[in-house]
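Reproduced below: upload-v9.cif, with mmCIF, N, CA and C atoms.
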data_work
loop_
_atom_site.label_atom_id
_atom_site.label_comp_id
_atom_site.auth_asym_id
_atom_site.auth_seq_id
_atom_site.Cartn_x
_atom_site.Cartn_y
_atom_site.Cartn_z
N MET A 24 -16.50 11.45 -4.20
CA MET A 24 -15.03 11.42 -4.13
C MET A 24 -14.59 11.81 -2.73
N ASN A 25 -13.55 11.21 -2.30
CA ASN A 25 -12.99 11.48 -0.98
C ASN A 25 -12.27 12.82 -0.99
N SER A 26 -12.33 13.52 0.12
CA SER A 26 -11.57 14.76 0.28
C SER A 26 -10.37 14.43 1.17
N PHE A 27 -9.19 14.44 0.58
CA PHE A 27 -7.99 14.03 1.30
C PHE A 27 -7.43 15.19 2.12
N ASP A 28 -6.84 14.87 3.27
CA ASP A 28 -6.28 15.89 4.18
C ASP A 28 -5.08 16.60 3.56
N ILE A 29 -4.27 15.85 2.82
CA ILE A 29 -3.06 16.42 2.22
C ILE A 29 -3.30 16.60 0.73
N VAL A 30 -3.23 17.83 0.30
CA VAL A 30 -3.43 18.16 -1.11
C VAL A 30 -2.21 18.94 -1.59
N LYS A 31 -1.59 18.45 -2.66
CA LYS A 31 -0.43 19.11 -3.25
C LYS A 31 -0.61 19.14 -4.75
N THR A 32 0.11 20.02 -5.40
CA THR A 32 0.11 20.03 -6.86
C THR A 32 0.95 18.85 -7.34
N GLU A 33 0.73 18.46 -8.59
CA GLU A 33 1.53 17.36 -9.14
C GLU A 33 3.01 17.74 -9.16
N GLU A 34 3.31 19.01 -9.37
CA GLU A 34 4.71 19.46 -9.35
C GLU A 34 5.32 19.26 -7.96
N GLU A 35 4.54 19.55 -6.91
CA GLU A 35 5.03 19.34 -5.54
C GLU A 35 5.27 17.86 -5.27
N TRP A 36 4.36 16.99 -5.75
CA TRP A 36 4.55 15.54 -5.58
C TRP A 36 5.80 15.08 -6.32
N LYS A 37 6.02 15.61 -7.53
CA LYS A 37 7.20 15.23 -8.31
C LYS A 37 8.49 15.62 -7.60
N GLN A 38 8.47 16.73 -6.89
CA GLN A 38 9.65 17.16 -6.14
C GLN A 38 9.89 16.28 -4.92
N GLN A 39 8.83 15.78 -4.30
CA GLN A 39 8.94 14.99 -3.07
C GLN A 39 9.27 13.53 -3.35
N LEU A 40 8.69 12.94 -4.38
CA LEU A 40 8.82 11.51 -4.66
C LEU A 40 9.86 11.24 -5.74
N THR A 41 10.43 10.05 -5.72
CA THR A 41 11.32 9.65 -6.82
C THR A 41 10.43 9.45 -8.06
N PRO A 42 11.02 9.44 -9.25
CA PRO A 42 10.21 9.19 -10.45
C PRO A 42 9.44 7.86 -10.38
N GLU A 43 10.05 6.83 -9.81
CA GLU A 43 9.40 5.52 -9.69
C GLU A 43 8.23 5.59 -8.70
N GLN A 44 8.44 6.26 -7.56
CA GLN A 44 7.36 6.42 -6.58
C GLN A 44 6.22 7.25 -7.17
N TYR A 45 6.56 8.30 -7.88
CA TYR A 45 5.55 9.16 -8.49
C TYR A 45 4.69 8.36 -9.47
N PHE A 46 5.32 7.52 -10.29
CA PHE A 46 4.60 6.68 -11.25
C PHE A 46 3.56 5.80 -10.55
N VAL A 47 3.94 5.19 -9.44
CA VAL A 47 3.03 4.29 -8.72
C VAL A 47 2.01 5.09 -7.90
N VAL A 48 2.48 5.99 -7.06
CA VAL A 48 1.63 6.66 -6.08
C VAL A 48 0.68 7.69 -6.71
N ARG A 49 1.17 8.45 -7.67
CA ARG A 49 0.36 9.52 -8.25
C ARG A 49 -0.27 9.16 -9.60
N GLN A 50 0.39 8.26 -10.36
CA GLN A 50 -0.14 7.91 -11.67
C GLN A 50 -0.76 6.52 -11.70
N LYS A 51 -0.91 5.92 -10.53
CA LYS A 51 -1.55 4.61 -10.36
C LYS A 51 -0.84 3.50 -11.14
N GLY A 52 0.47 3.57 -11.16
CA GLY A 52 1.26 2.55 -11.83
C GLY A 52 1.44 1.32 -10.95
N THR A 53 2.15 0.34 -11.47
CA THR A 53 2.43 -0.90 -10.74
C THR A 53 3.89 -1.27 -10.96
N GLU A 54 4.56 -1.63 -9.88
CA GLU A 54 5.93 -2.12 -10.03
C GLU A 54 5.88 -3.57 -10.50
N ARG A 55 6.94 -4.01 -11.13
CA ARG A 55 7.01 -5.39 -11.60
C ARG A 55 6.97 -6.35 -10.40
N PRO A 56 6.30 -7.49 -10.52
CA PRO A 56 6.25 -8.44 -9.41
C PRO A 56 7.63 -8.95 -9.03
N PHE A 57 7.81 -9.24 -7.76
CA PHE A 57 9.03 -9.80 -7.17
C PHE A 57 10.22 -8.85 -7.27
N THR A 58 9.99 -7.55 -7.45
CA THR A 58 11.09 -6.58 -7.54
C THR A 58 11.08 -5.57 -6.39
N GLY A 59 9.99 -5.46 -5.64
CA GLY A 59 9.88 -4.46 -4.59
C GLY A 59 10.67 -4.80 -3.35
N LYS A 60 11.17 -3.76 -2.67
CA LYS A 60 12.01 -3.99 -1.50
C LYS A 60 11.26 -4.59 -0.31
N PHE A 61 9.93 -4.52 -0.29
CA PHE A 61 9.18 -5.07 0.84
C PHE A 61 8.48 -6.39 0.52
N GLU A 62 8.66 -6.91 -0.68
CA GLU A 62 8.00 -8.15 -1.06
C GLU A 62 8.45 -9.31 -0.17
N ASP A 63 9.73 -9.38 0.12
CA ASP A 63 10.27 -10.45 0.97
C ASP A 63 10.90 -9.84 2.22
N HIS A 64 10.18 -8.95 2.85
CA HIS A 64 10.66 -8.21 4.04
C HIS A 64 9.83 -8.64 5.23
N TRP A 65 10.50 -9.12 6.30
CA TRP A 65 9.74 -9.71 7.42
C TRP A 65 10.10 -9.11 8.77
N GLU A 66 10.74 -7.96 8.82
CA GLU A 66 11.04 -7.32 10.11
C GLU A 66 9.76 -6.85 10.79
N PRO A 67 9.74 -6.85 12.12
CA PRO A 67 8.57 -6.32 12.83
C PRO A 67 8.54 -4.79 12.75
N GLY A 68 7.35 -4.27 12.52
CA GLY A 68 7.19 -2.82 12.44
C GLY A 68 5.90 -2.43 11.75
N VAL A 69 5.88 -1.18 11.29
CA VAL A 69 4.68 -0.61 10.66
C VAL A 69 5.04 -0.10 9.27
N TYR A 70 4.20 -0.44 8.31
CA TYR A 70 4.35 0.05 6.94
C TYR A 70 3.53 1.33 6.80
N THR A 71 4.17 2.37 6.27
CA THR A 71 3.54 3.68 6.16
C THR A 71 3.47 4.11 4.70
N CYS A 72 2.65 5.11 4.44
CA CYS A 72 2.55 5.69 3.10
C CYS A 72 3.83 6.46 2.81
N VAL A 73 4.46 6.19 1.67
CA VAL A 73 5.71 6.85 1.31
C VAL A 73 5.50 8.35 1.07
N ALA A 74 4.29 8.75 0.73
CA ALA A 74 4.02 10.14 0.40
C ALA A 74 3.70 11.02 1.60
N CYS A 75 3.09 10.42 2.64
CA CYS A 75 2.66 11.27 3.77
C CYS A 75 2.94 10.70 5.15
N GLY A 76 3.41 9.45 5.24
CA GLY A 76 3.73 8.87 6.54
C GLY A 76 2.56 8.24 7.27
N ASN A 77 1.38 8.23 6.68
CA ASN A 77 0.21 7.62 7.29
C ASN A 77 0.49 6.15 7.58
N GLU A 78 0.25 5.70 8.80
CA GLU A 78 0.48 4.29 9.17
C GLU A 78 -0.63 3.44 8.58
N LEU A 79 -0.26 2.45 7.75
CA LEU A 79 -1.24 1.69 6.98
C LEU A 79 -1.38 0.23 7.39
N PHE A 80 -0.26 -0.48 7.56
CA PHE A 80 -0.28 -1.92 7.83
C PHE A 80 0.78 -2.26 8.87
N THR A 81 0.55 -3.32 9.64
CA THR A 81 1.57 -3.79 10.57
C THR A 81 2.18 -5.08 10.01
N SER A 82 3.41 -5.33 10.40
CA SER A 82 4.10 -6.54 9.95
C SER A 82 3.38 -7.80 10.41
N SER A 83 2.62 -7.72 11.49
CA SER A 83 1.92 -8.90 12.02
C SER A 83 0.78 -9.35 11.10
N THR A 84 0.35 -8.51 10.16
CA THR A 84 -0.71 -8.89 9.23
C THR A 84 -0.17 -9.17 7.82
N LYS A 85 1.15 -9.15 7.67
CA LYS A 85 1.77 -9.41 6.38
C LYS A 85 1.90 -10.93 6.19
N PHE A 86 1.67 -11.38 4.96
CA PHE A 86 1.81 -12.81 4.67
C PHE A 86 2.34 -12.99 3.26
N ASP A 87 2.88 -14.16 2.99
CA ASP A 87 3.43 -14.47 1.67
C ASP A 87 2.33 -15.03 0.79
N ALA A 88 1.80 -14.18 -0.08
CA ALA A 88 0.73 -14.60 -0.99
C ALA A 88 1.29 -15.23 -2.25
N GLY A 89 2.61 -15.11 -2.46
CA GLY A 89 3.23 -15.68 -3.64
C GLY A 89 2.91 -14.91 -4.92
N CYS A 90 2.37 -13.70 -4.79
CA CYS A 90 1.95 -12.92 -5.95
C CYS A 90 3.01 -11.94 -6.44
N GLY A 91 4.07 -11.73 -5.64
CA GLY A 91 5.14 -10.84 -6.05
C GLY A 91 5.08 -9.44 -5.47
N TRP A 92 4.07 -9.17 -4.67
CA TRP A 92 3.94 -7.87 -4.01
C TRP A 92 3.69 -8.09 -2.53
N PRO A 93 4.07 -7.12 -1.69
CA PRO A 93 3.74 -7.24 -0.27
C PRO A 93 2.23 -7.42 -0.10
N SER A 94 1.85 -8.37 0.73
CA SER A 94 0.43 -8.65 0.94
C SER A 94 0.11 -8.65 2.43
N PHE A 95 -1.03 -8.09 2.75
CA PHE A 95 -1.50 -7.96 4.13
C PHE A 95 -2.94 -8.43 4.17
N TYR A 96 -3.35 -9.09 5.26
CA TYR A 96 -4.74 -9.53 5.35
C TYR A 96 -5.63 -8.52 6.06
N GLU A 97 -5.02 -7.44 6.58
CA GLU A 97 -5.81 -6.44 7.29
C GLU A 97 -5.06 -5.12 7.34
N ALA A 98 -5.79 -4.03 7.19
CA ALA A 98 -5.21 -2.69 7.36
C ALA A 98 -5.07 -2.41 8.84
N LEU A 99 -4.14 -1.54 9.19
CA LEU A 99 -3.94 -1.16 10.59
C LEU A 99 -5.25 -0.60 11.15
N ASP A 100 -5.94 0.17 10.36
CA ASP A 100 -7.22 0.79 10.73
C ASP A 100 -7.94 1.05 9.41
N LYS A 101 -9.15 0.56 9.26
CA LYS A 101 -9.88 0.70 7.99
C LYS A 101 -10.05 2.16 7.56
N THR A 102 -9.99 3.10 8.50
CA THR A 102 -10.15 4.51 8.13
C THR A 102 -8.90 5.07 7.46
N LYS A 103 -7.79 4.32 7.50
CA LYS A 103 -6.54 4.78 6.90
C LYS A 103 -6.43 4.42 5.42
N ILE A 104 -7.34 3.56 4.96
CA ILE A 104 -7.36 3.10 3.57
C ILE A 104 -8.66 3.56 2.92
N TYR A 105 -8.54 4.13 1.73
CA TYR A 105 -9.70 4.54 0.95
C TYR A 105 -9.84 3.57 -0.22
N GLU A 106 -11.01 2.99 -0.40
CA GLU A 106 -11.25 2.03 -1.46
C GLU A 106 -12.10 2.66 -2.56
N LYS A 107 -11.75 2.34 -3.81
CA LYS A 107 -12.46 2.90 -4.95
C LYS A 107 -12.52 1.85 -6.06
N LEU A 108 -13.68 1.68 -6.65
CA LEU A 108 -13.84 0.73 -7.75
C LEU A 108 -12.94 1.12 -8.91
N ASP A 109 -12.19 0.15 -9.42
CA ASP A 109 -11.24 0.38 -10.51
C ASP A 109 -11.61 -0.53 -11.68
N LYS A 110 -12.02 0.07 -12.79
CA LYS A 110 -12.40 -0.70 -13.99
C LYS A 110 -11.36 -0.53 -15.10
N SER A 111 -10.14 -0.16 -14.74
CA SER A 111 -9.10 0.05 -15.74
C SER A 111 -8.51 -1.28 -16.23
N HIS A 112 -7.86 -1.24 -17.34
CA HIS A 112 -7.15 -2.39 -17.92
C HIS A 112 -8.05 -3.60 -18.17
N GLY A 113 -9.33 -3.35 -18.43
CA GLY A 113 -10.26 -4.43 -18.73
C GLY A 113 -10.60 -5.32 -17.55
N MET A 114 -10.33 -4.84 -16.34
CA MET A 114 -10.61 -5.62 -15.12
C MET A 114 -11.52 -4.82 -14.19
N VAL A 115 -12.16 -5.52 -13.27
CA VAL A 115 -12.93 -4.86 -12.22
C VAL A 115 -12.28 -5.25 -10.90
N ARG A 116 -11.69 -4.25 -10.24
CA ARG A 116 -10.97 -4.49 -8.99
C ARG A 116 -11.30 -3.36 -8.02
N MET A 117 -10.87 -3.54 -6.78
CA MET A 117 -11.02 -2.50 -5.77
C MET A 117 -9.65 -1.90 -5.51
N GLU A 118 -9.48 -0.64 -5.94
CA GLU A 118 -8.23 0.07 -5.71
C GLU A 118 -8.16 0.49 -4.25
N ILE A 119 -6.95 0.46 -3.68
CA ILE A 119 -6.75 0.99 -2.34
C ILE A 119 -5.80 2.18 -2.42
N MET A 120 -6.17 3.22 -1.67
CA MET A 120 -5.38 4.45 -1.64
C MET A 120 -5.21 4.87 -0.19
N CYS A 121 -4.18 5.65 0.06
CA CYS A 121 -3.98 6.23 1.37
C CYS A 121 -5.12 7.23 1.61
N ALA A 122 -5.82 7.09 2.72
CA ALA A 122 -6.95 7.97 3.01
C ALA A 122 -6.50 9.38 3.39
N LYS A 123 -5.23 9.56 3.70
CA LYS A 123 -4.73 10.88 4.10
C LYS A 123 -4.31 11.73 2.90
N CYS A 124 -3.64 11.10 1.90
CA CYS A 124 -3.12 11.88 0.76
C CYS A 124 -3.65 11.44 -0.59
N GLY A 125 -4.37 10.31 -0.63
CA GLY A 125 -4.90 9.82 -1.90
C GLY A 125 -3.90 9.05 -2.73
N GLY A 126 -2.74 8.75 -2.18
CA GLY A 126 -1.73 8.00 -2.92
C GLY A 126 -2.18 6.58 -3.24
N HIS A 127 -1.94 6.16 -4.48
CA HIS A 127 -2.28 4.80 -4.90
C HIS A 127 -1.37 3.80 -4.19
N LEU A 128 -1.96 2.78 -3.59
CA LEU A 128 -1.21 1.74 -2.90
C LEU A 128 -1.20 0.43 -3.67
N GLY A 129 -2.33 0.07 -4.22
CA GLY A 129 -2.48 -1.20 -4.93
C GLY A 129 -3.95 -1.55 -5.02
N HIS A 130 -4.27 -2.83 -4.73
CA HIS A 130 -5.66 -3.30 -4.80
C HIS A 130 -5.92 -4.28 -3.67
N VAL A 131 -7.19 -4.46 -3.33
CA VAL A 131 -7.57 -5.45 -2.33
C VAL A 131 -8.43 -6.51 -3.02
N PHE A 132 -8.14 -7.77 -2.68
CA PHE A 132 -8.83 -8.90 -3.29
C PHE A 132 -9.43 -9.78 -2.19
N ASN A 133 -10.40 -10.61 -2.57
CA ASN A 133 -11.05 -11.51 -1.61
C ASN A 133 -10.45 -12.91 -1.64
N ASP A 134 -9.13 -13.00 -1.82
CA ASP A 134 -8.48 -14.31 -1.86
C ASP A 134 -7.37 -14.43 -0.81
N GLY A 135 -7.54 -13.73 0.28
CA GLY A 135 -6.57 -13.79 1.37
C GLY A 135 -6.81 -14.98 2.28
N PRO A 136 -6.05 -15.07 3.36
CA PRO A 136 -6.18 -16.21 4.28
C PRO A 136 -7.59 -16.32 4.86
N SER A 137 -8.22 -17.46 4.64
CA SER A 137 -9.60 -17.66 5.10
C SER A 137 -9.70 -17.74 6.62
N ASP A 138 -8.60 -18.10 7.27
CA ASP A 138 -8.63 -18.17 8.73
C ASP A 138 -8.45 -16.79 9.37
N LYS A 139 -8.25 -15.78 8.54
CA LYS A 139 -8.11 -14.40 9.04
C LYS A 139 -9.29 -13.59 8.52
N THR A 140 -9.05 -12.63 7.65
CA THR A 140 -10.12 -11.76 7.11
C THR A 140 -10.62 -12.21 5.74
N GLY A 141 -9.86 -13.08 5.07
CA GLY A 141 -10.20 -13.47 3.71
C GLY A 141 -9.77 -12.44 2.68
N LEU A 142 -9.12 -11.36 3.14
CA LEU A 142 -8.69 -10.29 2.25
C LEU A 142 -7.20 -10.36 1.96
N ARG A 143 -6.82 -9.84 0.79
CA ARG A 143 -5.42 -9.69 0.43
C ARG A 143 -5.21 -8.28 -0.09
N TYR A 144 -4.63 -7.45 0.76
CA TYR A 144 -4.23 -6.11 0.34
C TYR A 144 -2.91 -6.26 -0.39
N CYS A 145 -2.95 -6.13 -1.69
CA CYS A 145 -1.78 -6.32 -2.56
C CYS A 145 -1.20 -4.92 -2.82
N VAL A 146 -0.03 -4.65 -2.26
CA VAL A 146 0.50 -3.29 -2.19
C VAL A 146 1.85 -3.18 -2.91
N ASN A 147 2.04 -2.10 -3.62
CA ASN A 147 3.32 -1.81 -4.25
C ASN A 147 4.34 -1.37 -3.20
N SER A 148 5.52 -1.98 -3.21
CA SER A 148 6.58 -1.54 -2.29
C SER A 148 6.91 -0.07 -2.46
N LEU A 149 6.84 0.41 -3.70
CA LEU A 149 7.18 1.82 -3.97
C LEU A 149 6.22 2.80 -3.30
N SER A 150 5.06 2.33 -2.89
CA SER A 150 4.11 3.21 -2.20
C SER A 150 4.29 3.17 -0.68
N LEU A 151 5.22 2.35 -0.22
CA LEU A 151 5.39 2.15 1.22
C LEU A 151 6.75 2.62 1.73
N ASP A 152 6.75 2.95 3.01
CA ASP A 152 7.96 3.13 3.78
C ASP A 152 7.80 2.23 4.99
N PHE A 153 8.81 2.12 5.84
CA PHE A 153 8.74 1.18 6.95
C PHE A 153 9.34 1.78 8.20
N LYS A 154 8.63 1.62 9.31
CA LYS A 154 9.13 2.03 10.62
C LYS A 154 9.37 0.76 11.43
N LYS A 155 10.63 0.47 11.66
CA LYS A 155 11.01 -0.74 12.40
C LYS A 155 10.55 -0.64 13.84
N ASP A 156 10.07 -1.78 14.37
CA ASP A 156 9.68 -1.87 15.77
C ASP A 156 10.95 -2.08 16.59
N THR A 157 11.38 -1.06 17.29
CA THR A 157 12.61 -1.13 18.07
C THR A 157 12.40 -1.78 19.43
N THR A 158 11.14 -2.06 19.80
CA THR A 158 10.87 -2.70 21.09
C THR A 158 10.84 -4.22 21.00
N SER A 159 10.77 -4.74 19.77
CA SER A 159 10.68 -6.18 19.58
C SER A 159 12.00 -6.86 19.91
N LYS A 160 11.93 -8.02 20.53
CA LYS A 160 13.12 -8.77 20.93
C LYS A 160 13.53 -9.77 19.84
N LYS A 161 12.80 -9.83 18.74
CA LYS A 161 13.07 -10.79 17.68
C LYS A 161 14.34 -10.48 16.94
#
Please lay out the structure from this file as structure tokens.
Amino acid sequence: MNSFDIVKTEEEWKQQLTPEQYFVVRQKGTERPFTGKFEDHWEPGVYTCVACGNELFTSSTKFDAGCGWPSFYEALDKTKIYEKLDKSHGMVRMEIMCAKCGGHLGHVFNDGPSDKTGLRYCVNSLSLDFKKDTTSKK
């Protein structure tokens, strides 16, 4: 098991996160497809962990997978994402978590753009925050 840098009690997480964020980030829940605020969000910037601010993905690696959740073909840095085999709900998938706080982000699949990494990091909007790139001229 990974030893995360940020460790809090569940009560502390409940105080910091909204009930919806807590359900996804701490209880490994999933938001309904096509409902997240970042699913159709295309501003330049960096997507961070909502629980600890760890920088996870850049807008330049985001793509429209048509699955209903924000999708990225590459993490900002592989050390920022912790992967763990997930056999819940009768499926075998690779769960992705924030490597800094252990917050549940979503899952990674091998059906991403073949001209890039071939990966699709399928992430819940509720597990993300966003830092807009103020230097971009777009």
In segment 41-80 of chain A, DSSP strand (DSSP E or B) residues written as a ChimeraX atom specification
/A:68-72,78-80
Output of the PyMOL selection byres ((chain A and resi 117-134) around 6), listed as a PyMOL selection string:
chain A and resi 27-30+47-49+51+102-109+115-116+135-136+141-147+150
Those same residues, written as a JSON list (two decimals), in the coordinates of the input with N, CA and C atoms?
[["chain", "number", "residue", "atom", "x", "y", "z"],
["A", 27, "PHE", "N", -9.19, 14.44, 0.58],
["A", 27, "PHE", "CA", -7.99, 14.03, 1.30],
["A", 27, "PHE", "C", -7.43, 15.19, 2.12],
["A", 28, "ASP", "N", -6.84, 14.87, 3.27],
["A", 28, "ASP", "CA", -6.28, 15.89, 4.18],
["A", 28, "ASP", "C", -5.08, 16.60, 3.56],
["A", 29, "ILE", "N", -4.27, 15.85, 2.82],
["A", 29, "ILE", "CA", -3.06, 16.42, 2.22],
["A", 29, "ILE", "C", -3.30, 16.60, 0.73],
["A", 30, "VAL", "N", -3.23, 17.83, 0.30],
["A", 30, "VAL", "CA", -3.43, 18.16, -1.11],
["A", 30, "VAL", "C", -2.21, 18.94, -1.59],
["A", 47, "VAL", "N", 3.94, 5.19, -9.44],
["A", 47, "VAL", "CA", 3.03, 4.29, -8.72],
["A", 47, "VAL", "C", 2.01, 5.09, -7.90],
["A", 48, "VAL", "N", 2.48, 5.99, -7.06],
["A", 48, "VAL", "CA", 1.63, 6.66, -6.08],
["A", 48, "VAL", "C", 0.68, 7.69, -6.71],
["A", 49, "ARG", "N", 1.17, 8.45, -7.67],
["A", 49, "ARG", "CA", 0.36, 9.52, -8.25],
["A", 49, "ARG", "C", -0.27, 9.16, -9.60],
["A", 51, "LYS", "N", -0.91, 5.92, -10.53],
["A", 51, "LYS", "CA", -1.55, 4.61, -10.36],
["A", 51, "LYS", "C", -0.84, 3.50, -11.14],
["A", 102, "THR", "N", -9.99, 3.10, 8.50],
["A", 102, "THR", "CA", -10.15, 4.51, 8.13],
["A", 102, "THR", "C", -8.90, 5.07, 7.46],
["A", 103, "LYS", "N", -7.79, 4.32, 7.50],
["A", 103, "LYS", "CA", -6.54, 4.78, 6.90],
["A", 103, "LYS", "C", -6.43, 4.42, 5.42],
["A", 104, "ILE", "N", -7.34, 3.56, 4.96],
["A", 104, "ILE", "CA", -7.36, 3.10, 3.57],
["A", 104, "ILE", "C", -8.66, 3.56, 2.92],
["A", 105, "TYR", "N", -8.54, 4.13, 1.73],
["A", 105, "TYR", "CA", -9.70, 4.54, 0.95],
["A", 105, "TYR", "C", -9.84, 3.57, -0.22],
["A", 106, "GLU", "N", -11.01, 2.99, -0.40],
["A", 106, "GLU", "CA", -11.25, 2.03, -1.46],
["A", 106, "GLU", "C", -12.10, 2.66, -2.56],
["A", 107, "LYS", "N", -11.75, 2.34, -3.81],
["A", 107, "LYS", "CA", -12.46, 2.90, -4.95],
["A", 107, "LYS", "C", -12.52, 1.85, -6.06],
["A", 108, "LEU", "N", -13.68, 1.68, -6.65],
["A", 108, "LEU", "CA", -13.84, 0.73, -7.75],
["A", 108, "LEU", "C", -12.94, 1.12, -8.91],
["A", 109, "ASP", "N", -12.19, 0.15, -9.42],
["A", 109, "ASP", "CA", -11.24, 0.38, -10.51],
["A", 109, "ASP", "C", -11.61, -0.53, -11.68],
["A", 115, "VAL", "N", -12.16, -5.52, -13.27],
["A", 115, "VAL", "CA", -12.93, -4.86, -12.22],
["A", 115, "VAL", "C", -12.28, -5.25, -10.90],
["A", 116, "ARG", "N", -11.69, -4.25, -10.24],
["A", 116, "ARG", "CA", -10.97, -4.49, -8.99],
["A", 116, "ARG", "C", -11.30, -3.36, -8.02],
["A", 135, "GLY", "N", -7.54, -13.73, 0.28],
["A", 135, "GLY", "CA", -6.57, -13.79, 1.37],
["A", 135, "GLY", "C", -6.81, -14.98, 2.28],
["A", 136, "PRO", "N", -6.05, -15.07, 3.36],
["A", 136, "PRO", "CA", -6.18, -16.21, 4.28],
["A", 136, "PRO", "C", -7.59, -16.32, 4.86],
["A", 141, "GLY", "N", -9.86, -13.08, 5.07],
["A", 141, "GLY", "CA", -10.20, -13.47, 3.71],
["A", 141, "GLY", "C", -9.77, -12.44, 2.68],
["A", 142, "LEU", "N", -9.12, -11.36, 3.14],
["A", 142, "LEU", "CA", -8.69, -10.29, 2.25],
["A", 142, "LEU", "C", -7.20, -10.36, 1.96],
["A", 143, "ARG", "N", -6.82, -9.84, 0.79],
["A", 143, "ARG", "CA", -5.42, -9.69, 0.43],
["A", 143, "ARG", "C", -5.21, -8.28, -0.09],
["A", 144, "TYR", "N", -4.63, -7.45, 0.76],
["A", 144, "TYR", "CA", -4.23, -6.11, 0.34],
["A", 144, "TYR", "C", -2.91, -6.26, -0.39],
["A", 145, "CYS", "N", -2.95, -6.13, -1.69],
["A", 145, "CYS", "CA", -1.78, -6.32, -2.56],
["A", 145, "CYS", "C", -1.20, -4.92, -2.82],
["A", 146, "VAL", "N", -0.03, -4.65, -2.26],
["A", 146, "VAL", "CA", 0.50, -3.29, -2.19],
["A", 146, "VAL", "C", 1.85, -3.18, -2.91],
["A", 147, "ASN", "N", 2.04, -2.10, -3.62],
["A", 147, "ASN", "CA", 3.32, -1.81, -4.25],
["A", 147, "ASN", "C", 4.34, -1.37, -3.20],
["A", 150, "SER", "N", 5.06, 2.33, -2.89],
["A", 150, "SER", "CA", 4.11, 3.21, -2.20],
["A", 150, "SER", "C", 4.29, 3.17, -0.68]]
Take the PyMOL selection byres (((chain A and resi 58-61 and name CA) around 10) and name CA), run it mentally on this structure, and tell me the resulting residues as a ChimeraX atom specification.
/A:54-57,62-66,70,91-94,146-153
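The coordinates place atom N of Cys90 of chain A at 22.1 Å from atom N of Phe46 of chain A.
Across the model, the gap from atom C of Pro42 of chain A to atom N of Ser111 of chain A is 21.6 Å.
Rounded to one decimal, atom CA of Leu99 of chain A and atom CA of Asn77 of chain A lie 10.3 Å from each other.
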